[in-house]
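Shown below: target_9.cif, with mmCIF, C-alpha atoms; chains and numbers go by the auth columns.
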```cif
data_my_file
loop_
_atom_site.group_PDB
_atom_site.id
_atom_site.type_symbol
_atom_site.label_atom_id
_atom_site.label_comp_id
_atom_site.label_asym_id
_atom_site.label_seq_id
_atom_site.Cartn_x
_atom_site.Cartn_y
_atom_site.Cartn_z
_atom_site.B_iso_or_equiv
_atom_site.auth_seq_id
_atom_site.auth_asym_id
ATOM 1 C CA MET A 1 86.107 93.828 124.409 0.00 431 A
ATOM 2 C CA THR A 2 85.661 93.940 120.657 0.00 432 A
ATOM 3 C CA ALA A 3 87.075 91.658 117.986 0.00 433 A
ATOM 4 C CA THR A 4 89.839 94.196 117.309 0.00 434 A
ATOM 5 C CA GLY A 5 90.780 94.868 120.925 0.00 435 A
ATOM 6 C CA PRO A 6 89.526 96.683 123.979 0.00 436 A
ATOM 7 C CA ARG A 7 86.448 98.820 123.596 0.00 437 A
ATOM 8 C CA PRO A 8 87.238 102.548 123.380 0.00 438 A
ATOM 9 C CA LYS A 9 86.499 104.483 126.559 0.00 439 A
ATOM 10 C CA ASN A 10 84.259 106.855 124.635 0.00 440 A
ATOM 11 C CA ARG A 11 81.812 104.483 123.016 0.00 441 A
ATOM 12 C CA HIS A 12 80.790 107.184 120.539 0.00 442 A
ATOM 13 C CA ASP A 13 84.331 107.708 119.242 0.00 443 A
ATOM 14 C CA PRO A 14 84.917 105.045 116.562 0.00 444 A
ATOM 15 C CA ARG A 15 88.623 105.876 116.140 0.00 445 A
ATOM 16 C CA PRO A 16 91.168 103.383 117.470 0.00 446 A
ATOM 17 C CA ALA A 17 92.953 104.486 120.645 0.00 447 A
ATOM 18 C CA PHE A 18 96.222 105.284 118.810 0.00 448 A
ATOM 19 C CA ARG A 19 94.389 107.869 116.675 0.00 449 A
ATOM 20 C CA ARG A 20 93.176 109.670 119.789 0.00 450 A
ATOM 21 C CA ASP A 21 96.722 109.809 121.187 0.00 451 A
ATOM 22 C CA PRO A 22 97.944 113.435 121.030 0.00 452 A
ATOM 23 C CA GLY A 23 101.514 112.237 120.460 0.00 453 A
ATOM 24 C CA VAL A 24 100.459 110.516 117.246 0.00 454 A
ATOM 25 C CA ALA A 25 98.736 113.693 116.057 0.00 455 A
ATOM 26 C CA VAL A 26 101.921 115.701 116.648 0.00 456 A
ATOM 27 C CA LEU A 27 103.999 113.100 114.812 0.00 457 A
ATOM 28 C CA GLN A 28 101.595 113.098 111.853 0.00 458 A
ATOM 29 C CA ALA A 29 101.692 116.906 111.700 0.00 459 A
ATOM 30 C CA LYS A 30 105.512 116.976 111.733 0.00 460 A
ATOM 31 C CA PHE A 31 105.715 114.241 109.102 0.00 461 A
ATOM 32 C CA GLY A 32 103.184 116.024 106.883 0.00 462 A
ATOM 33 C CA ALA A 33 105.051 119.319 107.234 0.00 463 A
ATOM 34 C CA ARG A 34 108.307 117.605 106.240 0.00 464 A
ATOM 35 C CA LEU A 35 106.645 116.087 103.166 0.00 465 A
ATOM 36 C CA ALA A 36 105.383 119.564 102.218 0.00 466 A
ATOM 37 C CA GLU A 37 108.950 120.926 102.557 0.00 467 A
ATOM 38 C CA LEU A 38 110.254 118.157 100.299 0.00 468 A
ATOM 39 C CA ARG A 39 107.525 118.884 97.736 0.00 469 A
ATOM 40 C CA GLU A 40 108.393 122.576 97.735 0.00 470 A
ATOM 41 C CA ALA A 41 112.116 121.762 97.398 0.00 471 A
ATOM 42 C CA ALA A 42 111.203 119.683 94.328 0.00 472 A
ATOM 43 C CA LEU A 43 109.473 122.830 92.973 0.00 473 A
ATOM 44 C CA LEU A 44 106.090 121.094 92.714 0.00 474 A
ATOM 45 C CA THR A 45 102.653 122.471 93.501 0.00 475 A
ATOM 46 C CA GLN A 46 100.269 120.264 95.461 0.00 476 A
ATOM 47 C CA GLU A 47 98.313 119.631 92.274 0.00 477 A
ATOM 48 C CA GLU A 48 101.427 118.593 90.329 0.00 478 A
ATOM 49 C CA ALA A 49 102.671 116.358 93.137 0.00 479 A
ATOM 50 C CA ALA A 50 99.235 114.775 93.597 0.00 480 A
ATOM 51 C CA GLU A 51 99.085 113.930 89.901 0.00 481 A
ATOM 52 C CA LYS A 52 102.556 112.331 90.008 0.00 482 A
ATOM 53 C CA LEU A 53 101.631 110.423 93.191 0.00 483 A
ATOM 54 C CA GLY A 54 98.349 109.192 91.706 0.00 484 A
ATOM 55 C CA VAL A 55 96.194 110.715 94.460 0.00 485 A
ATOM 56 C CA SER A 56 93.767 113.606 94.627 0.00 486 A
ATOM 57 C CA SER A 57 95.095 117.012 95.605 0.00 487 A
ATOM 58 C CA ARG A 58 92.682 116.901 98.563 0.00 488 A
ATOM 59 C CA HIS A 59 94.302 113.687 99.820 0.00 489 A
ATOM 60 C CA LEU A 60 97.758 115.240 99.510 0.00 490 A
ATOM 61 C CA GLN A 61 96.522 118.318 101.394 0.00 491 A
ATOM 62 C CA ARG A 62 95.298 116.081 104.221 0.00 492 A
ATOM 63 C CA VAL A 63 98.598 114.146 104.334 0.00 493 A
ATOM 64 C CA GLU A 64 100.626 117.363 104.454 0.00 494 A
ATOM 65 C CA ALA A 65 98.323 118.777 107.148 0.00 495 A
ATOM 66 C CA GLY A 66 98.804 115.641 109.261 0.00 496 A
ATOM 67 C CA LYS A 67 95.116 114.773 109.065 0.00 497 A
ATOM 68 C CA THR A 68 95.419 111.353 107.461 0.00 498 A
ATOM 69 C CA ASN A 69 97.754 108.386 107.392 0.00 499 A
ATOM 70 C CA LEU A 70 99.478 107.228 104.262 0.00 500 A
ATOM 71 C CA THR A 71 100.292 103.767 103.035 0.00 501 A
ATOM 72 C CA VAL A 72 103.788 102.382 102.589 0.00 502 A
ATOM 73 C CA LEU A 73 103.111 102.345 98.839 0.00 503 A
ATOM 74 C CA LEU A 74 102.341 106.070 98.875 0.00 504 A
ATOM 75 C CA LEU A 75 105.397 106.694 101.041 0.00 505 A
ATOM 76 C CA HIS A 76 107.460 104.827 98.412 0.00 506 A
ATOM 77 C CA ARG A 77 106.011 107.071 95.702 0.00 507 A
ATOM 78 C CA PHE A 78 106.908 110.159 97.748 0.00 508 A
ATOM 79 C CA GLY A 79 110.483 108.891 97.887 0.00 509 A
ATOM 80 C CA GLN A 80 110.630 108.346 94.146 0.00 510 A
ATOM 81 C CA ILE A 81 109.219 111.770 93.313 0.00 511 A
ATOM 82 C CA TYR A 82 110.943 113.809 96.029 0.00 512 A
ATOM 83 C CA GLY A 83 114.251 111.974 95.753 0.00 513 A
ATOM 84 C CA PHE A 84 114.736 110.232 99.082 0.00 514 A
ATOM 85 C CA ASP A 85 115.313 106.579 99.911 0.00 515 A
ATOM 86 C CA VAL A 86 112.382 105.194 101.886 0.00 516 A
ATOM 87 C CA GLU A 87 114.506 102.199 102.912 0.00 517 A
ATOM 88 C CA MET A 88 116.414 104.476 105.303 0.00 518 A
ATOM 89 C CA LEU A 89 113.263 104.789 107.403 0.00 519 A
ATOM 90 C CA PHE A 90 113.149 101.040 107.916 0.00 520 A
ATOM 91 C CA SER A 91 116.785 100.276 108.626 0.00 521 A
ATOM 92 C CA ALA A 92 118.765 100.525 111.833 0.00 522 A
ATOM 93 C CA PRO A 93 121.185 103.447 112.091 0.00 523 A
ATOM 94 C CA SER A 94 124.833 102.694 111.422 0.00 524 A
ATOM 95 C CA PRO A 95 127.050 102.507 114.530 0.00 525 A
#
```
This entry written out as structure tokens:
Amino acid sequence: MTATGPRPKNRHDPRPAFRRDPGVAVLQAKFGARLAELREAALLTQEEAAEKLGVSSRHLQRVEAGKTNLTVLLLHRFGQIYGFDVEMLFSAPSP
């Protein structure tokens, strides 16, 4: 057991268990693809969007490809630039 939880089964894989979960990888890929669709709908190139978001174009490429996680702050910026309300992701659906 490590200070952050159980030791990974593969001692040479430093990633937390949730990052090795194939379901998480699929979710990240779908989320990244949706962000790319929203960027394209806003008529922005990756370079233009990255500049507005305050990140490198490489980071945006990795987010859109589902290869990296993003912070809530960056998610908020996506909402501002692409025109969606991030709060809807954190609220319960209406009955």
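Applied to the file shown here, the PyMOL selection byres ((chain A and resi 499) around 12) selects Phe448, Arg449, Val454, Ala455, Leu457, Gln458, Ala459, Phe461, Gly462, His489, Leu490, Gln491, Arg492, Val493, Glu494, Ala495, Gly496, Lys497, Thr498, Leu500, Thr501, Val502, Leu503, Leu504 and Leu505 of chain A.
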Resolved residues for the PyMOL selection byres ((chain A and resi 508) around 10) as a PyMOL selection string: chain A and resi 465+468-469+479-480+482-483+502-507+509-516
Interatomic distance, CA of Met518 (chain A) to CA of Arg464 (chain A) (Å, one decimal): 15.5 Å
Gap from CA of Gln476 (chain A) to CA of Lys460 (chain A) - Å, one decimal: 17.4 Å
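CA of Phe520 (chain A) lies 26.1 Å from CA of Leu474 (chain A).
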Could you add whatever atoms are missing so that region 494-518 of chain A carries N, CA and C atoms, then write the result as a tab-separated table (two decimals), in the coordinates of the input?
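Result written to selection12.tsv:
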```
chain	number	residue	atom	x	y	z
A	494	GLU	N	99.71	116.29	104.08
A	494	GLU	CA	100.63	117.36	104.45
A	494	GLU	C	100.16	118.10	105.71
A	495	ALA	N	98.87	118.12	105.95
A	495	ALA	CA	98.32	118.78	107.15
A	495	ALA	C	98.35	117.85	108.36
A	496	GLY	N	98.76	116.59	108.15
A	496	GLY	CA	98.80	115.64	109.26
A	496	GLY	C	97.44	115.14	109.67
A	497	LYS	N	96.48	115.17	108.75
A	497	LYS	CA	95.12	114.77	109.06
A	497	LYS	C	94.78	113.36	108.64
A	498	THR	N	95.69	112.72	107.91
A	498	THR	CA	95.42	111.35	107.46
A	498	THR	C	96.72	110.56	107.39
A	499	ASN	N	96.60	109.28	107.51
A	499	ASN	CA	97.75	108.39	107.39
A	499	ASN	C	98.00	108.09	105.92
A	500	LEU	N	99.21	107.65	105.62
A	500	LEU	CA	99.48	107.23	104.26
A	500	LEU	C	100.01	105.80	104.27
A	501	THR	N	99.85	105.15	103.15
A	501	THR	CA	100.29	103.77	103.04
A	501	THR	C	101.79	103.73	102.74
A	502	VAL	N	102.38	102.56	102.92
A	502	VAL	CA	103.79	102.38	102.59
A	502	VAL	C	103.98	102.58	101.08
A	503	LEU	N	103.03	102.15	100.29
A	503	LEU	CA	103.11	102.34	98.84
A	503	LEU	C	103.18	103.83	98.51
A	504	LEU	N	102.32	104.63	99.13
A	504	LEU	CA	102.34	106.07	98.88
A	504	LEU	C	103.64	106.69	99.39
A	505	LEU	N	104.12	106.22	100.52
A	505	LEU	CA	105.40	106.69	101.04
A	505	LEU	C	106.51	106.39	100.05
A	506	HIS	N	106.48	105.20	99.44
A	506	HIS	CA	107.46	104.83	98.41
A	506	HIS	C	107.39	105.79	97.22
A	507	ARG	N	106.18	106.13	96.81
A	507	ARG	CA	106.01	107.07	95.70
A	507	ARG	C	106.57	108.44	96.06
A	508	PHE	N	106.33	108.88	97.30
A	508	PHE	CA	106.91	110.16	97.75
A	508	PHE	C	108.42	110.12	97.57
A	509	GLY	N	109.04	109.03	98.00
A	509	GLY	CA	110.48	108.89	97.89
A	509	GLY	C	110.96	108.98	96.45
A	510	GLN	N	110.25	108.31	95.56
A	510	GLN	CA	110.63	108.35	94.15
A	510	GLN	C	110.53	109.76	93.57
A	511	ILE	N	109.47	110.45	93.89
A	511	ILE	CA	109.22	111.77	93.31
A	511	ILE	C	110.06	112.86	93.98
A	512	TYR	N	110.22	112.76	95.30
A	512	TYR	CA	110.94	113.81	96.03
A	512	TYR	C	112.42	113.49	96.19
A	513	GLY	N	112.84	112.32	95.77
A	513	GLY	CA	114.25	111.97	95.75
A	513	GLY	C	114.86	111.57	97.08
A	514	PHE	N	114.13	110.78	97.87
A	514	PHE	CA	114.74	110.23	99.08
A	514	PHE	C	114.50	108.73	99.11
A	515	ASP	N	115.37	108.03	99.83
A	515	ASP	CA	115.31	106.58	99.91
A	515	ASP	C	114.46	106.17	101.11
A	516	VAL	N	113.30	105.61	100.83
A	516	VAL	CA	112.38	105.19	101.89
A	516	VAL	C	112.98	104.09	102.74
A	517	GLU	N	113.87	103.28	102.17
A	517	GLU	CA	114.51	102.20	102.91
A	517	GLU	C	115.20	102.70	104.18
A	518	MET	N	115.71	103.93	104.14
A	518	MET	CA	116.41	104.48	105.30
A	518	MET	C	115.50	104.58	106.53
```
